[in-house]
Amino acid sequence: FEQSFFNQRFVSKLTNHTSIHLIKEGDDKASEELFVVANNEVNQDVTEYPLDKKLKHEMGCLTEEQLVAVKHVMQVVKGHRNRPLILTADRGRGKSSALAIACAELLMTTHEGINIAITAPHKNSLDVFFAQMRSSLKLNGVTEKANNTTHQLEHKNGTIEFIAIDELIKTPTRFNLVLVDEAASIPLFFLNQLLTKFHRMVFASTVHGYEGAGRSFTLKFQKHIKKQYPQGKTFNIKQPIRWADNDPVEAFINDLCLLDAEPPVLSEDVSLPHVVDRKDTLYQPSLFVFKQVTTEQLIADEVLLKQVFAVLVTAHYQTSPNDLRLLLDNENISLVTLSFKEQLLGVALLLKEGASKNEHIKSLLQTNQRRLKDQFLPQSLLTHCGEENSFNFSY
């Protein structure tokens with residue numbers, strides 16, 4: 001445990017966080033103090049969770065923002081064509097439920113027939129959506145079909161079905177509405193194809209934390225939408241549903257896993273021309289600094305750790321908390337940073353591979369019985385190129 005920098009940081013965060021109270025086994029005094037603190041906090045906050053009672057009955061929405069989101073989704077169908085909606089939210093804000101409530105309302109109120117398609121990176125990621133659909137429609141006169149690859153609800157006024165992204169692109173344009181949930185986890189290439197093919201679209205995504213496709217959705221796709229479809233709308237749901245506003249547990253998890261890490265904001269003199277144009281008077285090679293950063297330095301400098309990790313998240317297409325553990329605990333990882341006037345510009349994450357003579361592992365790899373996570377280059381050379389000595393070298 002002591003050898004893990006990730007665990008050390010976790011314990012440090014726990015012991016120093018203002019909203020966390022630690023109780024040691026057998027410490028009755030600490031238990032009594034915590035009981036007093038908890039009682040005081042409960043007595044100070046006697047107001048009911050801020051929900052407008054009328055909203056609880058209007059389409060089943062739980063917050064005013066969720067109701068606004070539902071109405072925006074419905075307007076995509078009822079309004080003009082080519083006005084896509086981008087719906088964003090942090091986790092626990094009822095984004096997927098808002099999509100489902102809107103679809104259910106459209107099915108129940110549209111009598112001329114409506115067909116809706118929804119796609120996502122994985123079928124399982126729509127469990128909340130279809131659960132809310134069942135709840136909103138109450139399954140009166142509804143037929144549900146589901147298997148490993150498809151999920152469909154048939155209502156007397158129309159249908160809604162899950163279609164995998166690659167299949168949806170090939171499907172004829174017979175839908176009145178196309179929804180994309182967790183759009184940030186889908187490559188921009190596919191999103192742009194959908195945008196060109198269908199004229200009534202909603203792109204919904206979690207944008208706080210690791211988006212799954214880098215920050216392309218936020219940095220590129222949303223800007224593209226605003227430029228090409230100026231009449232489109234963007235709406236962000238801020239008010240949480242699963243927990244209260246400013247929940248300390250949410251804040252702690254965001255801080256612990258660096259879900260809220262943002263790339264450093266660069267000053268104007270680090271703009272592209274100043275960096276690449278050697279004729280520019282501001283260009284001075286001596287101002288550029290390459291530095292190898294140790295894990296000890298990262299642990300000691302939380303600001304640097306957040307900046308480094310934020311740059312890596314921005315650049316990489318798929319990130320998880322395990323990557324933070326990898327960065328802090330894998331002894332084969334080395335980190336190099338590039339700074340300009342002491343401002344972080346870039347990060348190189350280097351992983352040492354190879355230099356292994358374990359013949360048993362090699363035989364398992366050659367017969368497809370084993371795969372190694374941190375040996376991409378020698379493993380590929382061995383399995384795909386037949387280079388039997390690949391593990392004898394360092395990469």
# chains A, B, ... in the order shown; residues from 1 in each chain; ligands from 1
>>> closest_atom_pairs(of="stretch 246-356 of chain A", to="stretch 74-97 of chain A", cutoff="12 Å", atoms="only C-alpha atoms", output="Markdown table")
| residue | atom | partner | partner_atom | distance |
| --- | --- | --- | --- | --- |
| A:Asp247 | CA | A:Gly92 | CA | 11.4 |
| A:Glu250 | CA | A:Arg91 | CA | 9.5 |
| A:Ala251 | CA | A:Asp90 | CA | 11.9 |
| A:Ile253 | CA | A:Arg91 | CA | 11.8 |
| A:Asn254 | CA | A:Arg91 | CA | 10.9 |
| A:Leu259 | CA | A:Asp90 | CA | 10.4 |
| A:Asp260 | CA | A:Asp90 | CA | 10.6 |
>>> residues_around(residues="stretch 388-390 of chain A", least_positions_apart="3", cutoff="9 Å", atoms="only C-alpha atoms", output="list of chain:residue names")
A:Gly354, A:Ala355, A:Lys357, A:Lys362, A:Gln366, A:Leu377, A:Pro378, A:Gln379, A:Ser380, A:Leu381, A:Leu382, A:Thr383, A:Cys385, A:Phe393, A:Ser394
>>> atom_distance(atom1="atom CA of A:Thr206", atom2="atom CA of A:Ala183")
8.2 Å
>>> closest_residue(among="A:Ala244, A:Val249, A:Leu344, A:Leu266", to="A:Lys291", atoms="only C-alpha atoms")
A:Leu344
>>> atom_distance(atom1="atom CA of A:Gln231", atom2="atom CA of A:Val202")
13.5 Å
>>> residues_around(residues="A:Thr173", least_positions_apart="4", cutoff="10 Å", atoms="only C-alpha atoms", output="count of residues only")
7
>>> residues_around(residues="A:Val303", least_positions_apart="6", cutoff="12 Å", atoms="only C-alpha atoms", output="PyMOL selection string")
chain A and resi 255+258+261-264+297+309-310+344
>>> closest_residue(among="A:Val73, A:Ala164, A:Ile23, A:Leu107", to="A:Gly232", atoms="only C-alpha atoms")
A:Val73
>>> closest_residue(among="A:Pro321, A:Pro187, A:Gly60, A:Gly346", to="A:Pro121", atoms="only C-alpha atoms")
A:Pro187
>>> residues_around(residues="A:Asp181", least_positions_apart="3", cutoff="6 Å", atoms="only C-alpha atoms", output="ChimeraX atom specification")
/A:120,204-205
>>> select_by_dssp(residues="stretch 50-240 of chain A", states="helix (DSSP H, G or I)", output="ChimeraX atom specification")
/A:53-57,64-78,95-109,123-137,165-170,183-185,188-197,216-228
>>> residues_around(residues="stretch 350-352 of chain A", least_positions_apart="6", cutoff="7 Å", atoms="only C-alpha atoms", output="mmCIF file with N, CA and C atoms, in the first residue's frame")
data_model
loop_
_atom_site.group_PDB
_atom_site.id
_atom_site.type_symbol
_atom_site.label_atom_id
_atom_site.label_comp_id
_atom_site.auth_asym_id
_atom_site.auth_seq_id
_atom_site.Cartn_x
_atom_site.Cartn_y
_atom_site.Cartn_z
ATOM 1 N N ASN A 332 7.396 1.767 -15.089
ATOM 2 C CA ASN A 332 7.910 1.840 -16.459
ATOM 3 C C ASN A 332 7.450 3.097 -17.205
ATOM 4 N N ILE A 333 6.662 3.917 -16.517
ATOM 5 C CA ILE A 333 6.194 5.170 -17.111
ATOM 6 C C ILE A 333 7.195 6.278 -16.823
ATOM 7 N N SER A 334 7.475 7.088 -17.840
ATOM 8 C CA SER A 334 8.233 8.323 -17.630
ATOM 9 C C SER A 334 7.495 9.459 -18.323
ATOM 10 N N LEU A 335 7.634 10.635 -17.757
ATOM 11 C CA LEU A 335 6.843 11.778 -18.202
ATOM 12 C C LEU A 335 7.768 12.930 -18.561
ATOM 13 N N TYR A 395 11.885 -0.950 -25.904
ATOM 14 C CA TYR A 395 11.125 -0.029 -26.748
ATOM 15 C C TYR A 395 10.655 1.158 -25.925
#
>>> select_by_dssp(residues="stretch 53-263 of chain A", states="strand (DSSP E)", output="number ranges by chain")
A: 85-89, 114-119, 143-146, 151-155, 158-162, 177-180, 201-206, 233-237
>>> atom_distance(atom1="atom CA of A:Phe6", atom2="atom CA of A:Leu256")
9.7 Å
>>> closest_residue(among="A:Val311, A:His384, A:Leu179, A:Glu105", to="A:Gln132", atoms="only C-alpha atoms")
A:Glu105
>>> closest_residue(among="A:Asn368, A:Thr159, A:Ser320, A:Ser12", to="A:Ile116", atoms="only C-alpha atoms")
A:Thr159
>>> closest_residue(among="A:Leu62, A:Ala348, A:Leu328, A:Leu195", to="A:Thr295", atoms="only C-alpha atoms")
A:Leu328
>>> decode(residues="stretch 123-146 of chain A", atoms="N, CA and C atoms", output="PDB file, in the first residue's frame")
ATOM      1  N   LYS A 123     -25.144  -0.510 -26.358  1.00  0.00           N
ATOM      2  CA  LYS A 123     -26.570  -0.704 -26.086  1.00  0.00           C
ATOM      3  C   LYS A 123     -26.846  -0.635 -24.583  1.00  0.00           C
ATOM      4  N   ASN A 124     -25.942  -1.186 -23.775  1.00  0.00           N
ATOM      5  CA  ASN A 124     -26.154  -1.213 -22.319  1.00  0.00           C
ATOM      6  C   ASN A 124     -26.163   0.183 -21.703  1.00  0.00           C
ATOM      7  N   SER A 125     -25.542   1.143 -22.385  1.00  0.00           N
ATOM      8  CA  SER A 125     -25.502   2.491 -21.818  1.00  0.00           C
ATOM      9  C   SER A 125     -26.864   3.193 -21.887  1.00  0.00           C
ATOM     10  N   LEU A 126     -27.839   2.528 -22.525  1.00  0.00           N
ATOM     11  CA  LEU A 126     -29.186   3.095 -22.625  1.00  0.00           C
ATOM     12  C   LEU A 126     -30.167   2.450 -21.652  1.00  0.00           C
ATOM     13  N   ASP A 127     -29.669   1.727 -20.672  1.00  0.00           N
ATOM     14  CA  ASP A 127     -30.550   1.066 -19.692  1.00  0.00           C
ATOM     15  C   ASP A 127     -31.439   2.082 -18.973  1.00  0.00           C
ATOM     16  N   VAL A 128     -30.849   3.209 -18.556  1.00  0.00           N
ATOM     17  CA  VAL A 128     -31.624   4.246 -17.860  1.00  0.00           C
ATOM     18  C   VAL A 128     -32.679   4.822 -18.799  1.00  0.00           C
ATOM     19  N   PHE A 129     -32.296   5.037 -20.053  1.00  0.00           N
ATOM     20  CA  PHE A 129     -33.229   5.598 -21.034  1.00  0.00           C
ATOM     21  C   PHE A 129     -34.458   4.712 -21.199  1.00  0.00           C
ATOM     22  N   PHE A 130     -34.254   3.414 -21.423  1.00  0.00           N
ATOM     23  CA  PHE A 130     -35.395   2.525 -21.665  1.00  0.00           C
ATOM     24  C   PHE A 130     -36.194   2.268 -20.381  1.00  0.00           C
ATOM     25  N   ALA A 131     -35.528   2.302 -19.236  1.00  0.00           N
ATOM     26  CA  ALA A 131     -36.258   2.170 -17.971  1.00  0.00           C
ATOM     27  C   ALA A 131     -37.206   3.354 -17.786  1.00  0.00           C
ATOM     28  N   GLN A 132     -36.720   4.562 -18.109  1.00  0.00           N
ATOM     29  CA  GLN A 132     -37.566   5.745 -18.012  1.00  0.00           C
ATOM     30  C   GLN A 132     -38.691   5.700 -19.050  1.00  0.00           C
ATOM     31  N   MET A 133     -38.407   5.170 -20.246  1.00  0.00           N
ATOM     32  CA  MET A 133     -39.443   5.022 -21.269  1.00  0.00           C
ATOM     33  C   MET A 133     -40.577   4.138 -20.763  1.00  0.00           C
ATOM     34  N   ARG A 134     -40.204   3.011 -20.152  1.00  0.00           N
ATOM     35  CA  ARG A 134     -41.232   2.094 -19.615  1.00  0.00           C
ATOM     36  C   ARG A 134     -42.056   2.782 -18.541  1.00  0.00           C
ATOM     37  N   SER A 135     -41.377   3.559 -17.707  1.00  0.00           N
ATOM     38  CA  SER A 135     -42.073   4.248 -16.625  1.00  0.00           C
ATOM     39  C   SER A 135     -43.012   5.325 -17.163  1.00  0.00           C
ATOM     40  N   SER A 136     -42.552   6.080 -18.157  1.00  0.00           N
ATOM     41  CA  SER A 136     -43.359   7.182 -18.695  1.00  0.00           C
ATOM     42  C   SER A 136     -44.541   6.683 -19.515  1.00  0.00           C
ATOM     43  N   LEU A 137     -44.318   5.620 -20.292  1.00  0.00           N
ATOM     44  CA  LEU A 137     -45.399   5.075 -21.125  1.00  0.00           C
ATOM     45  C   LEU A 137     -46.325   4.155 -20.352  1.00  0.00           C
ATOM     46  N   LYS A 138     -45.835   3.693 -19.187  1.00  0.00           N
ATOM     47  CA  LYS A 138     -46.582   2.748 -18.341  1.00  0.00           C
ATOM     48  C   LYS A 138     -46.951   1.464 -19.090  1.00  0.00           C
ATOM     49  N   LEU A 139     -46.295   1.252 -20.218  1.00  0.00           N
ATOM     50  CA  LEU A 139     -46.423   0.029 -21.021  1.00  0.00           C
ATOM     51  C   LEU A 139     -47.862  -0.298 -21.417  1.00  0.00           C
ATOM     52  N   ASN A 140     -48.722   0.720 -21.427  1.00  0.00           N
ATOM     53  CA  ASN A 140     -50.100   0.488 -21.888  1.00  0.00           C
ATOM     54  C   ASN A 140     -50.108   0.392 -23.413  1.00  0.00           C
ATOM     55  N   GLY A 141     -50.450  -0.777 -23.921  1.00  0.00           N
ATOM     56  CA  GLY A 141     -50.481  -0.966 -25.363  1.00  0.00           C
ATOM     57  C   GLY A 141     -49.119  -0.861 -26.016  1.00  0.00           C
ATOM     58  N   VAL A 142     -48.064  -1.179 -25.255  1.00  0.00           N
ATOM     59  CA  VAL A 142     -46.693  -1.070 -25.762  1.00  0.00           C
ATOM     60  C   VAL A 142     -46.086  -2.456 -25.885  1.00  0.00           C
ATOM     61  N   THR A 143     -45.449  -2.712 -27.006  1.00  0.00           N
ATOM     62  CA  THR A 143     -44.729  -3.970 -27.219  1.00  0.00           C
ATOM     63  C   THR A 143     -43.238  -3.694 -27.166  1.00  0.00           C
ATOM     64  N   GLU A 144     -42.535  -4.482 -26.367  1.00  0.00           N
ATOM     65  CA  GLU A 144     -41.090  -4.276 -26.210  1.00  0.00           C
ATOM     66  C   GLU A 144     -40.338  -5.497 -26.722  1.00  0.00           C
ATOM     67  N   LYS A 145     -39.333  -5.239 -27.555  1.00  0.00           N
ATOM     68  CA  LYS A 145     -38.475  -6.296 -28.080  1.00  0.00           C
ATOM     69  C   LYS A 145     -37.024  -5.931 -27.790  1.00  0.00           C
ATOM     70  N   ALA A 146     -36.299  -6.890 -27.225  1.00  0.00           N
ATOM     71  CA  ALA A 146     -34.895  -6.616 -26.898  1.00  0.00           C
ATOM     72  C   ALA A 146     -34.081  -7.893 -26.998  1.00  0.00           C
TER      73      ALA A 146
END
